[in-house]
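upload_38.txt (compact mmCIF, N, CA and C atoms and all ligand atoms) appears below.
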# COMPACT_ATOMS: atom_id res chain seq x y z
N MET A 1 10.57 17.05 -66.14
CA MET A 1 10.69 16.19 -67.32
C MET A 1 9.88 14.92 -67.10
N LYS A 2 9.34 14.39 -68.18
CA LYS A 2 8.53 13.18 -68.06
C LYS A 2 9.42 11.96 -67.86
N PRO A 3 9.00 11.05 -67.01
CA PRO A 3 9.80 9.85 -66.81
C PRO A 3 9.84 9.02 -68.07
N GLY A 4 10.96 8.38 -68.30
CA GLY A 4 11.08 7.50 -69.45
C GLY A 4 11.56 8.20 -70.71
N VAL A 5 11.64 9.53 -70.65
CA VAL A 5 12.11 10.27 -71.81
C VAL A 5 13.63 10.16 -71.89
N ARG A 6 14.14 9.95 -73.06
CA ARG A 6 15.59 9.87 -73.21
C ARG A 6 16.18 11.27 -73.15
N ILE A 7 17.15 11.41 -72.29
CA ILE A 7 17.77 12.71 -72.08
C ILE A 7 19.15 12.72 -72.75
N PRO A 8 19.40 13.67 -73.61
CA PRO A 8 20.70 13.73 -74.29
C PRO A 8 21.79 14.34 -73.41
N PHE A 9 22.21 13.57 -72.42
CA PHE A 9 23.21 14.09 -71.49
C PHE A 9 24.49 14.47 -72.23
N THR A 10 25.08 15.55 -71.81
CA THR A 10 26.33 16.03 -72.39
C THR A 10 27.23 16.44 -71.23
N VAL A 11 28.53 16.21 -71.38
CA VAL A 11 29.46 16.64 -70.34
C VAL A 11 29.30 18.15 -70.15
N GLY A 12 29.18 18.54 -68.90
CA GLY A 12 29.01 19.96 -68.59
C GLY A 12 27.57 20.33 -68.28
N ASP A 13 26.63 19.43 -68.56
CA ASP A 13 25.24 19.70 -68.21
C ASP A 13 25.10 19.83 -66.70
N ARG A 14 24.17 20.69 -66.28
CA ARG A 14 23.81 20.77 -64.87
C ARG A 14 22.47 20.09 -64.73
N VAL A 15 22.36 19.16 -63.82
CA VAL A 15 21.09 18.48 -63.64
C VAL A 15 20.63 18.54 -62.19
N THR A 16 19.32 18.49 -62.03
CA THR A 16 18.72 18.42 -60.70
C THR A 16 18.09 17.05 -60.57
N LEU A 17 18.40 16.35 -59.50
CA LEU A 17 17.85 15.01 -59.29
C LEU A 17 16.69 15.07 -58.29
N LYS A 18 15.83 14.07 -58.40
CA LYS A 18 14.67 13.98 -57.51
C LYS A 18 15.09 13.97 -56.05
N LYS A 19 16.10 13.14 -55.81
CA LYS A 19 16.51 12.92 -54.42
C LYS A 19 17.71 13.80 -54.09
N ARG A 20 17.67 14.44 -52.95
CA ARG A 20 18.80 15.26 -52.53
C ARG A 20 19.97 14.40 -52.10
N HIS A 21 21.14 14.91 -52.32
CA HIS A 21 22.35 14.26 -51.82
C HIS A 21 22.36 14.44 -50.30
N PRO A 22 22.96 13.51 -49.56
CA PRO A 22 23.03 13.66 -48.10
C PRO A 22 23.64 14.99 -47.66
N CYS A 23 24.47 15.60 -48.50
CA CYS A 23 25.08 16.88 -48.12
C CYS A 23 24.08 18.02 -48.22
N GLY A 24 22.91 17.76 -48.79
CA GLY A 24 21.89 18.81 -48.90
C GLY A 24 21.78 19.39 -50.29
N GLY A 25 22.73 19.06 -51.15
CA GLY A 25 22.70 19.59 -52.51
C GLY A 25 21.80 18.77 -53.42
N SER A 26 21.24 19.40 -54.41
CA SER A 26 20.44 18.65 -55.37
C SER A 26 20.87 18.96 -56.80
N HIS A 27 21.96 19.72 -56.93
CA HIS A 27 22.44 20.05 -58.27
C HIS A 27 23.72 19.26 -58.57
N TRP A 28 23.75 18.74 -59.77
CA TRP A 28 24.87 17.91 -60.19
C TRP A 28 25.37 18.36 -61.54
N GLU A 29 26.64 18.08 -61.80
CA GLU A 29 27.21 18.40 -63.10
C GLU A 29 27.65 17.09 -63.75
N VAL A 30 27.30 16.93 -65.00
CA VAL A 30 27.71 15.73 -65.73
C VAL A 30 29.19 15.86 -66.08
N TYR A 31 30.00 14.89 -65.67
CA TYR A 31 31.42 14.98 -65.99
C TYR A 31 31.89 13.82 -66.86
N ARG A 32 31.05 12.84 -67.05
CA ARG A 32 31.47 11.70 -67.84
C ARG A 32 30.25 11.04 -68.48
N ILE A 33 30.40 10.69 -69.75
CA ILE A 33 29.34 10.01 -70.47
C ILE A 33 29.88 8.68 -70.97
N GLY A 34 29.12 7.65 -70.78
CA GLY A 34 29.56 6.34 -71.26
C GLY A 34 28.41 5.38 -71.06
N ALA A 35 28.74 4.15 -70.73
CA ALA A 35 27.69 3.20 -70.39
C ALA A 35 26.95 3.72 -69.16
N ASP A 36 27.71 4.38 -68.28
CA ASP A 36 27.13 5.04 -67.11
C ASP A 36 27.34 6.53 -67.23
N ILE A 37 26.52 7.26 -66.51
CA ILE A 37 26.63 8.72 -66.50
C ILE A 37 27.34 9.13 -65.20
N GLY A 38 28.42 9.86 -65.33
CA GLY A 38 29.14 10.34 -64.15
C GLY A 38 28.62 11.70 -63.75
N LEU A 39 28.23 11.81 -62.48
CA LEU A 39 27.71 13.07 -61.97
C LEU A 39 28.55 13.54 -60.79
N ARG A 40 28.78 14.84 -60.73
CA ARG A 40 29.53 15.41 -59.61
C ARG A 40 28.60 16.37 -58.88
N CYS A 41 28.47 16.15 -57.58
CA CYS A 41 27.64 17.03 -56.76
C CYS A 41 28.30 18.41 -56.74
N THR A 42 27.54 19.44 -57.13
CA THR A 42 28.15 20.78 -57.19
C THR A 42 28.23 21.40 -55.81
N THR A 43 27.64 20.76 -54.80
CA THR A 43 27.70 21.29 -53.44
C THR A 43 28.92 20.76 -52.69
N CYS A 44 29.12 19.44 -52.74
CA CYS A 44 30.22 18.85 -51.98
C CYS A 44 31.32 18.27 -52.86
N GLY A 45 31.07 18.17 -54.16
CA GLY A 45 32.09 17.70 -55.08
C GLY A 45 32.20 16.19 -55.20
N ARG A 46 31.36 15.48 -54.49
CA ARG A 46 31.42 14.02 -54.54
C ARG A 46 30.93 13.52 -55.90
N ARG A 47 31.54 12.45 -56.36
CA ARG A 47 31.17 11.92 -57.67
C ARG A 47 30.43 10.60 -57.54
N VAL A 48 29.43 10.42 -58.39
CA VAL A 48 28.70 9.16 -58.41
C VAL A 48 28.53 8.74 -59.87
N MET A 49 28.30 7.46 -60.06
CA MET A 49 28.00 6.94 -61.39
C MET A 49 26.60 6.37 -61.36
N LEU A 50 25.81 6.72 -62.34
CA LEU A 50 24.48 6.17 -62.47
C LEU A 50 24.34 5.56 -63.86
N SER A 51 23.57 4.49 -63.96
CA SER A 51 23.31 3.97 -65.30
C SER A 51 22.50 5.03 -66.03
N ARG A 52 22.59 5.04 -67.34
CA ARG A 52 21.86 6.05 -68.11
C ARG A 52 20.37 6.02 -67.75
N ARG A 53 19.82 4.83 -67.64
CA ARG A 53 18.39 4.73 -67.34
C ARG A 53 18.08 5.34 -65.97
N ASN A 54 18.91 4.99 -64.99
CA ASN A 54 18.71 5.53 -63.65
C ASN A 54 18.83 7.05 -63.66
N ALA A 55 19.83 7.54 -64.37
CA ALA A 55 20.03 8.99 -64.44
C ALA A 55 18.82 9.66 -65.06
N GLU A 56 18.29 9.04 -66.12
CA GLU A 56 17.12 9.62 -66.79
C GLU A 56 15.90 9.61 -65.86
N LEU A 57 15.75 8.52 -65.11
CA LEU A 57 14.60 8.42 -64.22
C LEU A 57 14.68 9.44 -63.08
N ARG A 58 15.90 9.74 -62.65
CA ARG A 58 16.06 10.61 -61.48
C ARG A 58 16.16 12.09 -61.81
N THR A 59 16.39 12.40 -63.06
CA THR A 59 16.58 13.79 -63.43
C THR A 59 15.24 14.51 -63.53
N VAL A 60 15.11 15.61 -62.82
CA VAL A 60 13.86 16.38 -62.89
C VAL A 60 14.07 17.69 -63.67
N ALA A 61 15.31 18.12 -63.80
CA ALA A 61 15.59 19.33 -64.56
C ALA A 61 17.00 19.24 -65.11
N ARG A 62 17.21 19.88 -66.24
CA ARG A 62 18.53 19.83 -66.86
C ARG A 62 18.83 21.17 -67.51
N ILE A 63 20.01 21.66 -67.26
CA ILE A 63 20.48 22.87 -67.93
C ILE A 63 21.61 22.43 -68.85
N PRO A 64 21.37 22.49 -70.16
CA PRO A 64 22.40 22.00 -71.08
C PRO A 64 23.71 22.74 -70.94
N ALA A 65 24.81 22.04 -71.23
CA ALA A 65 26.12 22.66 -71.19
C ALA A 65 26.13 23.88 -72.10
N GLY A 66 26.69 24.96 -71.61
CA GLY A 66 26.78 26.16 -72.42
C GLY A 66 25.60 27.09 -72.28
N ALA A 67 24.52 26.60 -71.63
CA ALA A 67 23.35 27.46 -71.45
C ALA A 67 23.68 28.56 -70.45
N ARG A 68 23.15 29.73 -70.71
CA ARG A 68 23.38 30.84 -69.81
C ARG A 68 22.17 31.00 -68.89
N GLY A 69 22.28 31.87 -67.96
CA GLY A 69 21.11 32.12 -67.10
C GLY A 69 21.31 31.63 -65.69
N GLU A 70 22.47 30.97 -65.46
CA GLU A 70 22.74 30.53 -64.09
C GLU A 70 24.08 31.13 -63.70
N VAL A 71 24.18 31.58 -62.50
CA VAL A 71 25.43 32.16 -62.03
C VAL A 71 26.46 31.04 -61.90
N SER A 72 27.58 31.22 -62.58
CA SER A 72 28.62 30.20 -62.47
C SER A 72 29.40 30.37 -61.18
N SER A 73 29.76 29.27 -60.60
CA SER A 73 30.43 29.34 -59.30
C SER A 73 31.93 29.43 -59.48
ZN ZN B 101 26.77 16.49 -52.20
Using structure tokens, write down the structure that the file contains.
Amino acid sequence: MKPGVRIPFTVGDRVTLKKRHPCGGSHWEVYRIGADIGLRCTTCGRRVMLSRRNAELRTVARIPAGARGEVSS
């Protein structure tokens, strides 16, 4: 995704961030939308909050909530 593009984050989205989490995972699930975007690491379950702008800048891929094609865990 191009930097600076507004991403319509939705609870349940799966996103891939530029930077890997220290646990080795790079896939996150959106669990909260607000002034900040709440992301949960799907590898270790840790939760982080990012500002919307930061989340948009760091997101390199997004699978919208409800999209098929990925094996659910
Ligand atoms: Zn993690």
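Remark: residues at most 5 Å from position (24.8, 3.9, -65.1) in file coordinates are Ala35, Asp36, Ile37, Met49, Leu50, Ser51 and Arg52 of chain A, using only N, CA and C atoms.
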Using only N, CA and C atoms and all ligand atoms, what are the residues with an atom within 6 Å of ligand ZN 101 (chain B), set out as a PDB file with N, CA and C atoms, in the frame of the given file?
ATOM      1  N   HIS A  21      21.140  14.910 -52.320  1.00  0.00           N
ATOM      2  CA  HIS A  21      22.350  14.260 -51.820  1.00  0.00           C
ATOM      3  C   HIS A  21      22.360  14.440 -50.300  1.00  0.00           C
ATOM      4  N   PRO A  22      22.960  13.510 -49.560  1.00  0.00           N
ATOM      5  CA  PRO A  22      23.030  13.660 -48.100  1.00  0.00           C
ATOM      6  C   PRO A  22      23.640  14.990 -47.660  1.00  0.00           C
ATOM      7  N   CYS A  23      24.470  15.600 -48.500  1.00  0.00           N
ATOM      8  CA  CYS A  23      25.080  16.880 -48.120  1.00  0.00           C
ATOM      9  C   CYS A  23      24.080  18.020 -48.220  1.00  0.00           C
ATOM     10  N   GLY A  24      22.910  17.760 -48.790  1.00  0.00           N
ATOM     11  CA  GLY A  24      21.890  18.810 -48.900  1.00  0.00           C
ATOM     12  C   GLY A  24      21.780  19.390 -50.290  1.00  0.00           C
ATOM     13  N   GLY A  25      22.730  19.060 -51.150  1.00  0.00           N
ATOM     14  CA  GLY A  25      22.700  19.590 -52.510  1.00  0.00           C
ATOM     15  C   GLY A  25      21.800  18.770 -53.420  1.00  0.00           C
ATOM     16  N   CYS A  41      28.470  16.150 -57.580  1.00  0.00           N
ATOM     17  CA  CYS A  41      27.640  17.030 -56.760  1.00  0.00           C
ATOM     18  C   CYS A  41      28.300  18.410 -56.740  1.00  0.00           C
ATOM     19  N   THR A  42      27.540  19.440 -57.130  1.00  0.00           N
ATOM     20  CA  THR A  42      28.150  20.780 -57.190  1.00  0.00           C
ATOM     21  C   THR A  42      28.230  21.400 -55.810  1.00  0.00           C
ATOM     22  N   THR A  43      27.640  20.760 -54.800  1.00  0.00           N
ATOM     23  CA  THR A  43      27.700  21.290 -53.440  1.00  0.00           C
ATOM     24  C   THR A  43      28.920  20.760 -52.690  1.00  0.00           C
ATOM     25  N   CYS A  44      29.120  19.440 -52.740  1.00  0.00           N
ATOM     26  CA  CYS A  44      30.220  18.850 -51.980  1.00  0.00           C
ATOM     27  C   CYS A  44      31.320  18.270 -52.860  1.00  0.00           C
ATOM     28  N   GLY A  45      31.070  18.170 -54.160  1.00  0.00           N
ATOM     29  CA  GLY A  45      32.090  17.700 -55.080  1.00  0.00           C
ATOM     30  C   GLY A  45      32.200  16.190 -55.200  1.00  0.00           C
ATOM     31  N   ARG A  46      31.360  15.480 -54.490  1.00  0.00           N
ATOM     32  CA  ARG A  46      31.420  14.020 -54.540  1.00  0.00           C
ATOM     33  C   ARG A  46      30.930  13.520 -55.900  1.00  0.00           C
TER      34      ARG A  46
END
Using all atoms listed in the file, can you list as a ChimeraX atom specification the residues within 5 Å of (28.8, 19.9, -61.7)? /A:28-30,40,42
Quick one: DSSP strand (DSSP E) residues in range 8-42 of chain A, as a ChimeraX atom specification? /A:14-17,27-33,36-41
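One finds CA of Ile7 in chain A at 10.9 Å from CA of Arg58 in chain A.
Atom N of Gly12 in chain A is positioned 16.3 Å from atom C of Asn54 in chain A.
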Residues near Ala61 in chain A, anyone? I mean within 7 Å using only N, CA and C atoms, not counting same-chain ones fewer than 3 positions away, as a list in words.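 Counting only N, CA and C atoms, the residues come to Met1, Arg14, Val15, Thr16, Leu17, Lys18 and Arg58 of chain A.
You will find atom C of Asp13 in chain A at 12.4 Å from CA of Val60 in chain A.
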Taking only chain A into account, list the residues labelled alpha helix (DSSP H) by DSSP (computed from the backbone), as a ChimeraX atom specification. /A:52-58
Got time to write the residues from that selection, N, CA and C atoms, as a compact mmCIF listing (two decimals), in the coordinates of the input?
# COMPACT_ATOMS: atom_id res chain seq x y z
N ARG A 52 22.59 5.04 -67.34
CA ARG A 52 21.86 6.05 -68.11
C ARG A 52 20.37 6.02 -67.75
N ARG A 53 19.82 4.83 -67.64
CA ARG A 53 18.39 4.73 -67.34
C ARG A 53 18.08 5.34 -65.97
N ASN A 54 18.91 4.99 -64.99
CA ASN A 54 18.71 5.53 -63.65
C ASN A 54 18.83 7.05 -63.66
N ALA A 55 19.83 7.54 -64.37
CA ALA A 55 20.03 8.99 -64.44
C ALA A 55 18.82 9.66 -65.06
N GLU A 56 18.29 9.04 -66.12
CA GLU A 56 17.12 9.62 -66.79
C GLU A 56 15.90 9.61 -65.86
N LEU A 57 15.75 8.52 -65.11
CA LEU A 57 14.60 8.42 -64.22
C LEU A 57 14.68 9.44 -63.08
N ARG A 58 15.90 9.74 -62.65
CA ARG A 58 16.06 10.61 -61.48
C ARG A 58 16.16 12.09 -61.81
